[in-house]
>>> print(open('entry.txt').read())   # compact mmCIF, N, CA and C atoms
# COMPACT_ATOMS: atom_id res chain seq x y z
N MET K 1 -8.73 -3.11 9.86
CA MET K 1 -7.80 -4.20 9.62
C MET K 1 -7.07 -4.50 10.93
N SER K 2 -6.81 -5.74 11.20
CA SER K 2 -6.22 -6.14 12.48
C SER K 2 -4.74 -5.81 12.57
N ASP K 3 -4.24 -5.87 13.80
CA ASP K 3 -2.81 -5.62 14.04
C ASP K 3 -1.95 -6.71 13.43
N PHE K 4 -2.54 -7.83 13.09
CA PHE K 4 -1.80 -8.92 12.43
C PHE K 4 -1.84 -8.76 10.92
N ALA K 5 -2.99 -8.38 10.39
CA ALA K 5 -3.17 -8.30 8.93
C ALA K 5 -2.37 -7.18 8.29
N ARG K 6 -2.31 -6.02 8.94
CA ARG K 6 -1.61 -4.88 8.34
C ARG K 6 -0.14 -5.17 8.05
N PRO K 7 0.63 -5.62 9.04
CA PRO K 7 2.04 -5.90 8.73
C PRO K 7 2.21 -7.05 7.75
N VAL K 8 1.35 -8.05 7.84
CA VAL K 8 1.45 -9.19 6.94
C VAL K 8 1.21 -8.75 5.50
N LEU K 9 0.15 -8.01 5.27
CA LEU K 9 -0.15 -7.55 3.91
C LEU K 9 0.89 -6.55 3.40
N THR K 10 1.39 -5.69 4.29
CA THR K 10 2.42 -4.73 3.89
C THR K 10 3.72 -5.46 3.56
N GLY K 11 4.09 -6.43 4.38
CA GLY K 11 5.30 -7.22 4.11
C GLY K 11 5.20 -7.99 2.82
N ALA K 12 4.05 -8.60 2.57
CA ALA K 12 3.84 -9.33 1.32
C ALA K 12 3.88 -8.38 0.13
N ALA K 13 3.29 -7.21 0.28
CA ALA K 13 3.30 -6.22 -0.81
C ALA K 13 4.73 -5.76 -1.11
N ALA K 14 5.54 -5.61 -0.07
CA ALA K 14 6.93 -5.20 -0.28
C ALA K 14 7.68 -6.28 -1.06
N PHE K 15 7.47 -7.53 -0.69
CA PHE K 15 8.11 -8.66 -1.38
C PHE K 15 7.63 -8.70 -2.84
N PHE K 16 6.33 -8.52 -3.05
CA PHE K 16 5.76 -8.55 -4.39
C PHE K 16 6.33 -7.42 -5.25
N ALA K 17 6.48 -6.23 -4.66
CA ALA K 17 7.03 -5.09 -5.40
C ALA K 17 8.47 -5.36 -5.82
N VAL K 18 9.24 -5.97 -4.94
CA VAL K 18 10.62 -6.35 -5.30
C VAL K 18 10.59 -7.30 -6.49
N GLY K 19 9.70 -8.29 -6.46
CA GLY K 19 9.59 -9.24 -7.56
C GLY K 19 9.22 -8.57 -8.87
N ALA K 20 8.32 -7.60 -8.81
CA ALA K 20 7.92 -6.88 -10.02
C ALA K 20 9.11 -6.15 -10.62
N LEU K 21 9.89 -5.50 -9.78
CA LEU K 21 11.09 -4.80 -10.27
C LEU K 21 12.17 -5.80 -10.72
N TRP K 22 12.36 -6.84 -9.94
CA TRP K 22 13.42 -7.82 -10.18
C TRP K 22 13.25 -8.51 -11.52
N TYR K 23 12.03 -9.05 -11.72
CA TYR K 23 11.77 -9.84 -12.93
C TYR K 23 11.19 -9.03 -14.08
N GLY K 24 10.60 -7.88 -13.78
CA GLY K 24 9.99 -7.07 -14.82
C GLY K 24 10.89 -6.00 -15.39
N VAL K 25 11.89 -5.58 -14.62
CA VAL K 25 12.74 -4.48 -15.06
C VAL K 25 14.22 -4.87 -15.00
N ILE K 26 14.69 -5.19 -13.81
CA ILE K 26 16.13 -5.35 -13.59
C ILE K 26 16.71 -6.59 -14.28
N PHE K 27 16.09 -7.74 -14.09
CA PHE K 27 16.64 -9.00 -14.61
C PHE K 27 15.70 -9.70 -15.60
N ALA K 28 14.83 -8.96 -16.25
CA ALA K 28 13.84 -9.58 -17.14
C ALA K 28 14.49 -10.46 -18.21
N LYS K 29 15.39 -9.91 -18.98
CA LYS K 29 16.00 -10.68 -20.08
C LYS K 29 16.98 -11.73 -19.57
N PRO K 30 17.88 -11.41 -18.63
CA PRO K 30 18.78 -12.46 -18.13
C PRO K 30 18.02 -13.63 -17.49
N TRP K 31 16.94 -13.31 -16.76
CA TRP K 31 16.14 -14.38 -16.16
C TRP K 31 15.48 -15.23 -17.24
N GLN K 32 14.92 -14.59 -18.26
CA GLN K 32 14.27 -15.31 -19.35
C GLN K 32 15.25 -16.27 -20.02
N ARG K 33 16.46 -15.78 -20.30
CA ARG K 33 17.49 -16.63 -20.91
C ARG K 33 17.86 -17.78 -20.00
N ALA K 34 18.13 -17.49 -18.73
CA ALA K 34 18.53 -18.53 -17.79
C ALA K 34 17.43 -19.56 -17.58
N ALA K 35 16.17 -19.10 -17.61
CA ALA K 35 15.05 -20.02 -17.45
C ALA K 35 14.75 -20.80 -18.72
N GLY K 36 15.34 -20.36 -19.84
CA GLY K 36 15.11 -21.05 -21.11
C GLY K 36 13.71 -20.86 -21.66
N LEU K 37 13.14 -19.68 -21.43
CA LEU K 37 11.78 -19.41 -21.88
C LEU K 37 11.77 -18.46 -23.07
N SER K 38 11.02 -18.81 -24.08
CA SER K 38 10.86 -17.95 -25.26
C SER K 38 9.81 -16.88 -24.96
N ASN K 39 9.75 -15.86 -25.82
CA ASN K 39 8.71 -14.84 -25.68
C ASN K 39 7.33 -15.46 -25.80
N THR K 40 7.20 -16.43 -26.68
CA THR K 40 5.91 -17.12 -26.85
C THR K 40 5.52 -17.85 -25.57
N GLN K 41 6.47 -18.54 -24.95
CA GLN K 41 6.17 -19.25 -23.71
C GLN K 41 5.77 -18.30 -22.59
N LEU K 42 6.40 -17.14 -22.55
CA LEU K 42 6.07 -16.18 -21.52
C LEU K 42 4.65 -15.62 -21.67
N LYS K 43 4.11 -15.68 -22.87
CA LYS K 43 2.77 -15.16 -23.11
C LYS K 43 1.68 -16.18 -22.76
N THR K 44 2.09 -17.42 -22.47
CA THR K 44 1.11 -18.44 -22.10
C THR K 44 0.83 -18.36 -20.60
N GLY K 45 -0.23 -18.98 -20.19
CA GLY K 45 -0.59 -18.97 -18.78
C GLY K 45 -1.45 -17.77 -18.44
N ASN K 46 -2.16 -17.88 -17.36
CA ASN K 46 -3.04 -16.82 -16.90
C ASN K 46 -2.27 -15.97 -15.89
N MET K 47 -1.80 -14.79 -16.32
CA MET K 47 -0.97 -13.95 -15.46
C MET K 47 -1.72 -13.49 -14.22
N GLY K 48 -3.02 -13.30 -14.31
CA GLY K 48 -3.80 -12.93 -13.13
C GLY K 48 -3.72 -14.00 -12.06
N VAL K 49 -3.86 -15.25 -12.47
CA VAL K 49 -3.76 -16.37 -11.53
C VAL K 49 -2.33 -16.49 -10.99
N ILE K 50 -1.36 -16.35 -11.87
CA ILE K 50 0.05 -16.44 -11.45
C ILE K 50 0.37 -15.36 -10.42
N PHE K 51 -0.03 -14.13 -10.69
CA PHE K 51 0.24 -13.03 -9.75
C PHE K 51 -0.53 -13.23 -8.44
N ALA K 52 -1.78 -13.66 -8.53
CA ALA K 52 -2.59 -13.87 -7.33
C ALA K 52 -1.98 -14.97 -6.44
N LEU K 53 -1.57 -16.07 -7.06
CA LEU K 53 -0.96 -17.14 -6.28
C LEU K 53 0.40 -16.74 -5.72
N THR K 54 1.16 -15.97 -6.49
CA THR K 54 2.44 -15.45 -5.99
C THR K 54 2.20 -14.63 -4.74
N PHE K 55 1.24 -13.70 -4.80
CA PHE K 55 0.95 -12.86 -3.65
C PHE K 55 0.44 -13.70 -2.47
N ALA K 56 -0.38 -14.70 -2.75
CA ALA K 56 -0.89 -15.57 -1.68
C ALA K 56 0.26 -16.30 -0.98
N PHE K 57 1.22 -16.81 -1.75
CA PHE K 57 2.38 -17.47 -1.15
C PHE K 57 3.21 -16.48 -0.34
N GLU K 58 3.34 -15.26 -0.83
CA GLU K 58 4.10 -14.25 -0.11
C GLU K 58 3.38 -13.84 1.18
N VAL K 59 2.06 -13.85 1.16
CA VAL K 59 1.29 -13.60 2.38
C VAL K 59 1.56 -14.71 3.39
N LEU K 60 1.60 -15.94 2.94
CA LEU K 60 1.89 -17.07 3.83
C LEU K 60 3.28 -16.92 4.46
N ILE K 61 4.26 -16.57 3.65
CA ILE K 61 5.62 -16.33 4.17
C ILE K 61 5.59 -15.21 5.21
N ALA K 62 4.90 -14.11 4.88
CA ALA K 62 4.82 -12.97 5.80
C ALA K 62 4.11 -13.35 7.10
N MET K 63 3.08 -14.18 7.01
CA MET K 63 2.36 -14.61 8.21
C MET K 63 3.29 -15.37 9.16
N VAL K 64 4.06 -16.29 8.61
CA VAL K 64 4.96 -17.09 9.44
C VAL K 64 6.01 -16.20 10.09
N LEU K 65 6.64 -15.34 9.31
CA LEU K 65 7.70 -14.49 9.84
C LEU K 65 7.14 -13.46 10.82
N TRP K 66 6.02 -12.81 10.49
CA TRP K 66 5.46 -11.82 11.39
C TRP K 66 5.03 -12.47 12.72
N HIS K 67 4.48 -13.66 12.66
CA HIS K 67 4.08 -14.37 13.88
C HIS K 67 5.30 -14.56 14.78
N LEU K 68 6.40 -14.98 14.21
CA LEU K 68 7.63 -15.18 14.97
C LEU K 68 8.12 -13.86 15.56
N ILE K 69 8.12 -12.81 14.75
CA ILE K 69 8.58 -11.49 15.21
C ILE K 69 7.66 -10.95 16.30
N ALA K 70 6.36 -11.06 16.12
CA ALA K 70 5.40 -10.55 17.10
C ALA K 70 5.53 -11.28 18.43
N ARG K 71 5.85 -12.56 18.40
CA ARG K 71 5.94 -13.34 19.64
C ARG K 71 7.27 -13.16 20.37
N THR K 72 8.33 -12.81 19.64
CA THR K 72 9.64 -12.69 20.27
C THR K 72 10.05 -11.25 20.53
N ASP K 73 9.40 -10.29 19.88
CA ASP K 73 9.64 -8.86 20.05
C ASP K 73 11.13 -8.50 19.99
N PRO K 74 11.80 -8.86 18.91
CA PRO K 74 13.23 -8.57 18.82
C PRO K 74 13.48 -7.10 18.46
N PRO K 75 14.70 -6.61 18.73
CA PRO K 75 15.05 -5.24 18.29
C PRO K 75 15.08 -5.16 16.76
N PRO K 76 15.03 -3.94 16.22
CA PRO K 76 14.95 -3.77 14.76
C PRO K 76 16.05 -4.48 13.97
N HIS K 77 17.29 -4.43 14.44
CA HIS K 77 18.35 -5.08 13.68
C HIS K 77 18.16 -6.60 13.64
N VAL K 78 17.54 -7.15 14.68
CA VAL K 78 17.29 -8.59 14.70
C VAL K 78 16.13 -8.94 13.76
N VAL K 79 15.15 -8.03 13.63
CA VAL K 79 14.08 -8.25 12.66
C VAL K 79 14.68 -8.39 11.26
N MET K 80 15.61 -7.52 10.94
CA MET K 80 16.26 -7.59 9.62
C MET K 80 17.11 -8.85 9.50
N MET K 81 17.80 -9.22 10.58
CA MET K 81 18.60 -10.46 10.54
C MET K 81 17.70 -11.68 10.37
N MET K 82 16.55 -11.68 11.02
CA MET K 82 15.61 -12.79 10.89
C MET K 82 15.07 -12.87 9.47
N SER K 83 14.73 -11.73 8.90
CA SER K 83 14.17 -11.70 7.55
C SER K 83 15.18 -12.20 6.53
N ALA K 84 16.39 -11.64 6.58
CA ALA K 84 17.43 -12.08 5.65
C ALA K 84 17.86 -13.51 5.97
N GLY K 85 17.90 -13.84 7.25
CA GLY K 85 18.28 -15.20 7.65
C GLY K 85 17.29 -16.25 7.17
N PHE K 86 16.01 -15.90 7.16
CA PHE K 86 14.99 -16.80 6.64
C PHE K 86 15.26 -17.10 5.16
N ALA K 87 15.64 -16.05 4.43
CA ALA K 87 15.96 -16.22 3.00
C ALA K 87 17.21 -17.08 2.83
N VAL K 88 18.27 -16.71 3.55
CA VAL K 88 19.57 -17.38 3.38
C VAL K 88 19.55 -18.80 3.96
N GLY K 89 18.85 -18.98 5.08
CA GLY K 89 18.89 -20.27 5.76
C GLY K 89 17.82 -21.26 5.37
N VAL K 90 16.73 -20.78 4.75
CA VAL K 90 15.63 -21.68 4.42
C VAL K 90 15.27 -21.61 2.93
N MET K 91 14.92 -20.42 2.46
CA MET K 91 14.37 -20.29 1.11
C MET K 91 15.41 -20.56 0.03
N ILE K 92 16.58 -19.95 0.14
CA ILE K 92 17.60 -20.11 -0.90
C ILE K 92 18.13 -21.54 -0.95
N PRO K 93 18.43 -22.18 0.19
CA PRO K 93 18.83 -23.59 0.11
C PRO K 93 17.74 -24.49 -0.49
N ALA K 94 16.47 -24.19 -0.18
CA ALA K 94 15.38 -25.00 -0.73
C ALA K 94 15.33 -24.91 -2.25
N ILE K 95 15.43 -23.69 -2.79
CA ILE K 95 15.42 -23.60 -4.26
C ILE K 95 16.71 -24.17 -4.84
N GLY K 96 17.81 -24.03 -4.11
CA GLY K 96 19.07 -24.61 -4.58
C GLY K 96 18.98 -26.11 -4.74
N ILE K 97 18.41 -26.78 -3.75
CA ILE K 97 18.23 -28.24 -3.84
C ILE K 97 17.35 -28.58 -5.02
N ASN K 98 16.24 -27.86 -5.15
CA ASN K 98 15.31 -28.11 -6.24
C ASN K 98 15.99 -27.92 -7.60
N TYR K 99 16.76 -26.83 -7.73
CA TYR K 99 17.42 -26.54 -9.00
C TYR K 99 18.51 -27.56 -9.34
N LEU K 100 19.16 -28.11 -8.33
CA LEU K 100 20.16 -29.15 -8.61
C LEU K 100 19.52 -30.35 -9.32
N TYR K 101 18.39 -30.80 -8.80
CA TYR K 101 17.72 -31.96 -9.39
C TYR K 101 17.05 -31.64 -10.71
N LEU K 102 16.64 -30.40 -10.88
CA LEU K 102 16.03 -29.98 -12.15
C LEU K 102 17.08 -29.61 -13.20
N ARG K 103 18.36 -29.63 -12.78
CA ARG K 103 19.48 -29.28 -13.68
C ARG K 103 19.36 -27.84 -14.20
N LYS K 104 18.91 -26.94 -13.33
CA LYS K 104 18.78 -25.54 -13.71
C LYS K 104 20.15 -24.87 -13.68
N PRO K 105 20.37 -23.88 -14.53
CA PRO K 105 21.69 -23.22 -14.58
C PRO K 105 21.95 -22.34 -13.35
N LEU K 106 23.22 -22.17 -13.06
CA LEU K 106 23.63 -21.34 -11.93
C LEU K 106 23.10 -19.92 -12.05
N ALA K 107 23.08 -19.39 -13.27
CA ALA K 107 22.59 -18.01 -13.46
C ALA K 107 21.15 -17.87 -12.97
N LEU K 108 20.32 -18.85 -13.24
CA LEU K 108 18.93 -18.80 -12.78
C LEU K 108 18.88 -18.84 -11.26
N PHE K 109 19.68 -19.70 -10.66
CA PHE K 109 19.73 -19.79 -9.21
C PHE K 109 20.15 -18.45 -8.60
N VAL K 110 21.17 -17.83 -9.14
CA VAL K 110 21.68 -16.57 -8.59
C VAL K 110 20.61 -15.48 -8.69
N ILE K 111 19.94 -15.40 -9.84
CA ILE K 111 18.89 -14.39 -10.00
C ILE K 111 17.75 -14.63 -9.02
N ASP K 112 17.29 -15.87 -8.94
CA ASP K 112 16.17 -16.19 -8.06
C ASP K 112 16.56 -16.06 -6.58
N ALA K 113 17.76 -16.50 -6.23
CA ALA K 113 18.22 -16.38 -4.85
C ALA K 113 18.32 -14.90 -4.46
N GLY K 114 18.81 -14.08 -5.36
CA GLY K 114 18.89 -12.65 -5.09
C GLY K 114 17.51 -12.06 -4.85
N HIS K 115 16.53 -12.50 -5.63
CA HIS K 115 15.16 -12.03 -5.44
C HIS K 115 14.66 -12.39 -4.05
N PHE K 116 14.90 -13.62 -3.61
CA PHE K 116 14.45 -14.02 -2.28
C PHE K 116 15.14 -13.21 -1.19
N LEU K 117 16.42 -12.97 -1.33
CA LEU K 117 17.15 -12.22 -0.32
C LEU K 117 16.69 -10.77 -0.25
N VAL K 118 16.61 -10.10 -1.39
CA VAL K 118 16.18 -8.70 -1.42
C VAL K 118 14.70 -8.59 -1.03
N GLY K 119 13.88 -9.52 -1.51
CA GLY K 119 12.46 -9.52 -1.16
C GLY K 119 12.22 -9.70 0.33
N MET K 120 12.96 -10.61 0.94
CA MET K 120 12.81 -10.82 2.38
C MET K 120 13.34 -9.63 3.17
N ALA K 121 14.39 -8.99 2.70
CA ALA K 121 14.89 -7.78 3.36
C ALA K 121 13.83 -6.68 3.27
N ALA K 122 13.18 -6.56 2.12
CA ALA K 122 12.10 -5.57 1.98
C ALA K 122 10.95 -5.89 2.92
N MET K 123 10.63 -7.16 3.06
CA MET K 123 9.58 -7.57 3.99
C MET K 123 9.97 -7.19 5.41
N GLY K 124 11.20 -7.47 5.79
CA GLY K 124 11.67 -7.09 7.13
C GLY K 124 11.60 -5.59 7.35
N GLY K 125 11.99 -4.83 6.33
CA GLY K 125 11.90 -3.38 6.43
C GLY K 125 10.46 -2.92 6.61
N ALA K 126 9.54 -3.55 5.90
CA ALA K 126 8.13 -3.21 6.04
C ALA K 126 7.64 -3.55 7.44
N PHE K 127 8.10 -4.64 7.99
CA PHE K 127 7.69 -5.03 9.34
C PHE K 127 8.14 -3.99 10.38
N LEU K 128 9.27 -3.35 10.13
CA LEU K 128 9.75 -2.35 11.08
C LEU K 128 8.80 -1.17 11.22
N LEU K 129 7.96 -0.93 10.20
CA LEU K 129 6.99 0.14 10.27
C LEU K 129 5.93 -0.11 11.33
N PHE K 130 5.78 -1.37 11.74
CA PHE K 130 4.70 -1.75 12.66
C PHE K 130 5.20 -2.09 14.05
N ARG K 131 6.41 -1.69 14.35
CA ARG K 131 6.99 -2.01 15.66
C ARG K 131 7.04 -0.81 16.55
>>> encode(input="entry.txt", output="structure tokens")
Amino acid sequence: MSDFARPVLTGAAAFFAVGALWYGVIFAKPWQRAAGLSNTQLKTGNMGVIFALTFAFEVLIAMVLWHLIARTDPPPHVVMMMSAGFAVGVMIPAIGINYLYLRKPLALFVIDAGHFLVGMAAMGGAFLLFR
């Protein structure tokens, strides 16, 4: 595996693991309520496709961030600042704008924003293993 693929896949896996804990264990019921989804609705859809596409999107995020980190060679604390900053400065505002127009509740935004922040911090931590 290449020097680019290893950190990217590890970072994406870290983000995915946070999501599994975040939505599967820690905030499963509060997220379901805030999203307005019934148990029946949660059973619809192809979970294999949903998980595969989720991981693919997380790989894309990891590719962009790792490329930036690899090209700038920042110290470890800056890697973490970049990872969290990407969440706070790009990802969370983007979902915030989307949720405003979709009239989504604040509770859903807080849960999802927390996932992005913790997930990106986990990705940054995973990237530190390859520096």
>>> residues_around(input="entry.txt", residues="Pro75 in chain K", least_positions_apart="5", cutoff="12 Å", atoms="only C-alpha atoms", output="list in words")
Ile69, Ala70, Met80, Met81, Met82, Gly124, Phe127, Leu128 and Arg131 of chain K
>>> residues_around(input="entry.txt", residues="range 14-20 of chain K", least_positions_apart="5", cutoff="10 Å", atoms="only C-alpha atoms", output="MDAnalysis selection string")
chainID K and resid 8:9 25:28 51 54:55 58:59 61:62 112 115:127
>>> atom_distance(input="entry.txt", atom1="CA of Ile92 in chain K", atom2="atom C of Phe130 in chain K")
26.5 Å
>>> atom_distance(input="entry.txt", atom1="CA of Ile111 in chain K", atom2="atom N of Leu129 in chain K")
26.6 Å
